[in-house]
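So this block is model20.csv, CSV, C-alpha atoms:
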chain,number,residue,atom,x,y,z
A,1,MET,CA,-4.6,17.7,-58.0
A,2,SER,CA,-5.3,15.3,-60.9
A,3,GLU,CA,-7.7,16.1,-63.7
A,4,ARG,CA,-10.2,13.6,-62.4
A,5,SER,CA,-10.2,14.9,-58.8
A,6,GLY,CA,-10.3,18.5,-60.1
A,7,SER,CA,-13.5,18.1,-62.1
A,8,ASN,CA,-15.1,16.2,-59.2
A,9,ALA,CA,-14.0,18.9,-56.8
A,10,MET,CA,-15.7,21.5,-59.0
A,11,ALA,CA,-19.0,19.6,-59.0
A,12,LEU,CA,-18.7,19.3,-55.2
A,13,LEU,CA,-18.0,23.0,-55.0
A,14,GLY,CA,-21.1,23.7,-57.1
A,15,ALA,CA,-23.2,21.4,-55.0
A,16,GLY,CA,-22.1,23.2,-51.8
A,17,ILE,CA,-22.9,26.6,-53.3
A,18,LEU,CA,-26.3,25.6,-54.6
A,19,GLY,CA,-27.1,23.8,-51.3
A,20,PHE,CA,-26.1,26.9,-49.3
A,21,CYS,CA,-28.2,29.2,-51.5
A,22,GLY,CA,-31.1,26.8,-51.5
A,23,VAL,CA,-31.3,26.7,-47.7
A,24,GLY,CA,-31.0,30.5,-47.5
A,25,ALA,CA,-33.8,30.9,-50.0
A,26,ALA,CA,-36.0,28.5,-48.2
A,27,ALA,CA,-35.5,30.4,-45.0
A,28,MET,CA,-36.2,33.6,-46.8
A,29,SER,CA,-39.5,32.2,-48.2
A,30,ALA,CA,-40.6,31.4,-44.7
A,31,HIS,CA,-39.5,34.6,-43.0
A,32,ALA,CA,-39.0,37.5,-45.3
A,33,GLY,CA,-39.7,39.1,-48.7
A,34,ASP,CA,-42.7,40.5,-50.4
A,35,ASP,CA,-43.3,37.5,-52.5
A,36,PRO,CA,-42.3,34.2,-50.8
A,37,ARG,CA,-43.1,32.3,-54.0
A,38,LEU,CA,-40.0,33.8,-55.7
A,39,ALA,CA,-37.8,32.7,-52.9
A,40,SER,CA,-39.4,29.3,-52.9
A,41,ALA,CA,-38.7,28.9,-56.6
A,42,VAL,CA,-35.0,29.7,-56.0
A,43,ALA,CA,-34.9,27.2,-53.1
A,44,LEU,CA,-36.5,24.5,-55.2
A,45,VAL,CA,-34.1,24.9,-58.1
A,46,CYS,CA,-31.0,25.1,-55.9
A,47,LEU,CA,-32.0,22.2,-53.6
A,48,ALA,CA,-33.0,20.0,-56.5
A,49,HIS,CA,-29.7,20.5,-58.4
A,50,ALA,CA,-27.3,20.5,-55.5
A,51,PRO,CA,-27.7,16.7,-54.8
A,52,ALA,CA,-27.3,16.0,-58.5
A,53,LEU,CA,-24.0,17.8,-58.5
A,54,LEU,CA,-23.0,16.1,-55.3
A,55,ALA,CA,-23.7,12.7,-57.0
A,56,ILE,CA,-21.7,13.6,-60.1
A,57,GLY,CA,-18.9,14.9,-57.9
A,58,LEU,CA,-18.7,11.8,-55.8
A,59,SER,CA,-18.9,9.4,-58.8
A,60,ALA,CA,-15.6,8.0,-59.9
A,61,ARG,CA,-16.5,8.3,-63.6
A,62,ARG,CA,-14.2,10.2,-65.8
A,63,ASP,CA,-16.6,11.1,-68.6
A,64,ILE,CA,-16.6,14.4,-70.5
A,65,VAL,CA,-20.3,14.2,-71.1
A,66,LEU,CA,-20.9,13.9,-67.3
A,67,ARG,CA,-18.6,16.8,-66.7
A,68,LEU,CA,-20.5,18.9,-69.2
A,69,ALA,CA,-23.8,17.9,-67.5
A,70,ALA,CA,-22.5,19.1,-64.2
A,71,LEU,CA,-21.4,22.4,-65.7
A,72,LEU,CA,-24.7,22.9,-67.5
A,73,LEU,CA,-26.7,22.1,-64.3
A,74,PHE,CA,-24.7,24.5,-62.2
A,75,VAL,CA,-24.7,27.4,-64.7
A,76,GLY,CA,-28.4,26.9,-65.5
A,77,ALA,CA,-29.4,26.8,-61.8
A,78,ALA,CA,-27.2,29.9,-61.1
A,79,LEU,CA,-28.7,31.9,-64.0
A,80,PHE,CA,-32.3,31.0,-63.1
A,81,SER,CA,-31.9,31.5,-59.4
A,82,GLY,CA,-29.8,34.6,-59.7
A,83,ASP,CA,-32.3,36.3,-61.9
A,84,ILE,CA,-35.2,35.4,-59.7
A,85,ALA,CA,-33.3,36.5,-56.6
A,86,LEU,CA,-32.5,39.8,-58.1
A,87,ARG,CA,-36.1,40.4,-58.8
A,88,LEU,CA,-37.0,39.4,-55.3
A,89,PHE,CA,-34.6,42.0,-53.8
A,90,GLY,CA,-35.9,44.6,-56.2
A,91,TYR,CA,-32.8,44.9,-58.4
A,92,GLY,CA,-34.4,44.1,-61.7
A,93,ARG,CA,-33.0,41.3,-63.8
A,94,LEU,CA,-29.7,39.7,-64.3
A,95,PHE,CA,-30.2,40.2,-68.0
A,96,ALA,CA,-33.1,39.9,-70.4
A,97,MET,CA,-34.3,36.2,-70.6
A,98,ALA,CA,-31.8,35.1,-67.9
A,99,ALA,CA,-34.3,32.9,-66.1
A,100,PRO,CA,-35.5,31.1,-69.3
A,101,ALA,CA,-31.9,30.7,-70.5
A,102,GLY,CA,-31.1,29.2,-67.1
A,103,GLY,CA,-34.1,26.8,-67.4
A,104,MET,CA,-33.1,25.7,-70.9
A,105,THR,CA,-29.5,25.2,-69.7
A,106,MET,CA,-30.6,23.0,-66.8
A,107,MET,CA,-32.7,21.0,-69.2
A,108,ALA,CA,-29.7,20.6,-71.5
A,109,GLY,CA,-27.8,19.4,-68.4
A,110,TRP,CA,-30.3,16.7,-67.6
A,111,ILE,CA,-30.2,15.5,-71.2
A,112,ALA,CA,-26.4,15.4,-70.9
A,113,VAL,CA,-26.9,13.2,-67.8
A,114,ALA,CA,-29.0,10.8,-69.8
A,115,ILE,CA,-26.6,10.8,-72.7
A,116,ALA,CA,-23.7,10.0,-70.3
A,117,THR,CA,-25.4,6.6,-69.9
A,118,PHE,CA,-24.2,5.7,-73.4
A,119,THR,CA,-20.7,7.3,-73.1
A,120,ALA,CA,-19.5,5.4,-70.0
A,121,ARG,CA,-16.2,3.7,-70.4
A,122,ARG,CA,-16.3,0.1,-69.4
Would you write the structure of this file as structure tokens?
Amino acid sequence: MSERSGSNAMALLGAGILGFCGVGAAAMSAHAGDDPRLASAVALVCLAHAPALLAIGLSARRDIVLRLAALLLFVGAALFSGDIALRLFGYGRLFAMAAPAGGMTMMAGWIAVAIATFTARR
């Protein structure tokens, strides 16, 4: 596997994981749980970021900033969603400030997507 296809594959893997978790959380918000708003928040974050990772993974661009953006988006969504899901299931928190850290990481990922506009090789 080449470096290019490897980084694209990781973004696609992340998209699949977030998509799966998002659909599961959406179903949970409709059918189970004490507070469906928490599951809805998890579903929203996962299902909003999965297509972004899919687009990055399917792009043919070989750009370190775009790779960083994909990593930040995935890690941020996983931190945020994981922390909220643990609260939903009554297990406490992932760690102190995990959800806010995840939110800030996602925001950094979106800024990296914007910066990648200027780092594209022509």
(message) I want to know what sits within 12 Å of Met106 (chain A), based on only C-alpha atoms, with residues of the same chain fewer than 5 positions away left out; could you give that as a PyMOL selection string?
(response) chain A and resi 45-46+48-49+52-53+68-81+99-101+111-113
(request) Would you work out the distance separating CA of Asn8 (chain A) from CA of Leu58 (chain A), expressed in Å to one decimal? (result)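 These two atoms are separated by 6.6 Å.
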(request) Go ahead and find all residues with at least one atom no further than 12 Å from (-25.2, 9.5, -71.7) in the file's coordinates, using all atoms listed in the file; report them as a list of chain:residue names. (result) A:Arg61, A:Asp63, A:Ile64, A:Val65, A:Leu66, A:Arg67, A:Leu68, A:Ala69, A:Ala108, A:Gly109, A:Trp110, A:Ile111, A:Ala112, A:Val113, A:Ala114, A:Ile115, A:Ala116, A:Thr117, A:Phe118, A:Thr119, A:Ala120, A:Arg121
(message) I'd like the neighbourhood of Gly22 (chain A) as a list in words, where a residue qualifies if any of its atoms comes within 10 Å (using all atoms listed in the file), though same-chain residues fewer than 4 positions away should be ignored.
(response)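 After dropping sequence-adjacent residues, the list is Gly16, Ile17, Leu18, Ala26, Ala27, Met28, Ala39, Ser40, Ala41, Val42, Ala43, Leu44, Val45, Cys46, Leu47, Ala48, His49, Ala50 and Ser81 of chain A.
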(request) Tell me, in Å to one decimal, how far CA of Arg87 (chain A) is from CA of Gly14 (chain A). (result)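 Computing it gives 22.5 Å between the two atoms.
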(message) Taking only C-alpha atoms into account, name the residue in A:Leu54, A:Leu13, A:Ala60, A:Leu88 that is nearest to Ala32 (chain A).
(response)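 Closest residue, counting only C-alpha atoms: A:Leu88.
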(request) Would you list the contacts of Ser7 (chain A) as a PyMOL selection string, taking every protein, DNA or RNA residue within 9 Å and counting only C-alpha atoms, but skipping same-chain residues closer than 5 positions in sequence? (result) chain A and resi 2+12+57+62+67
(request) Record the distance separating CA of Ala96 (chain A) and CA of Asp35 (chain A), expressed in Å with one decimal. (result)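 Between CA of Ala96 (chain A) and CA of Asp35 (chain A) the gap is 20.7 Å.
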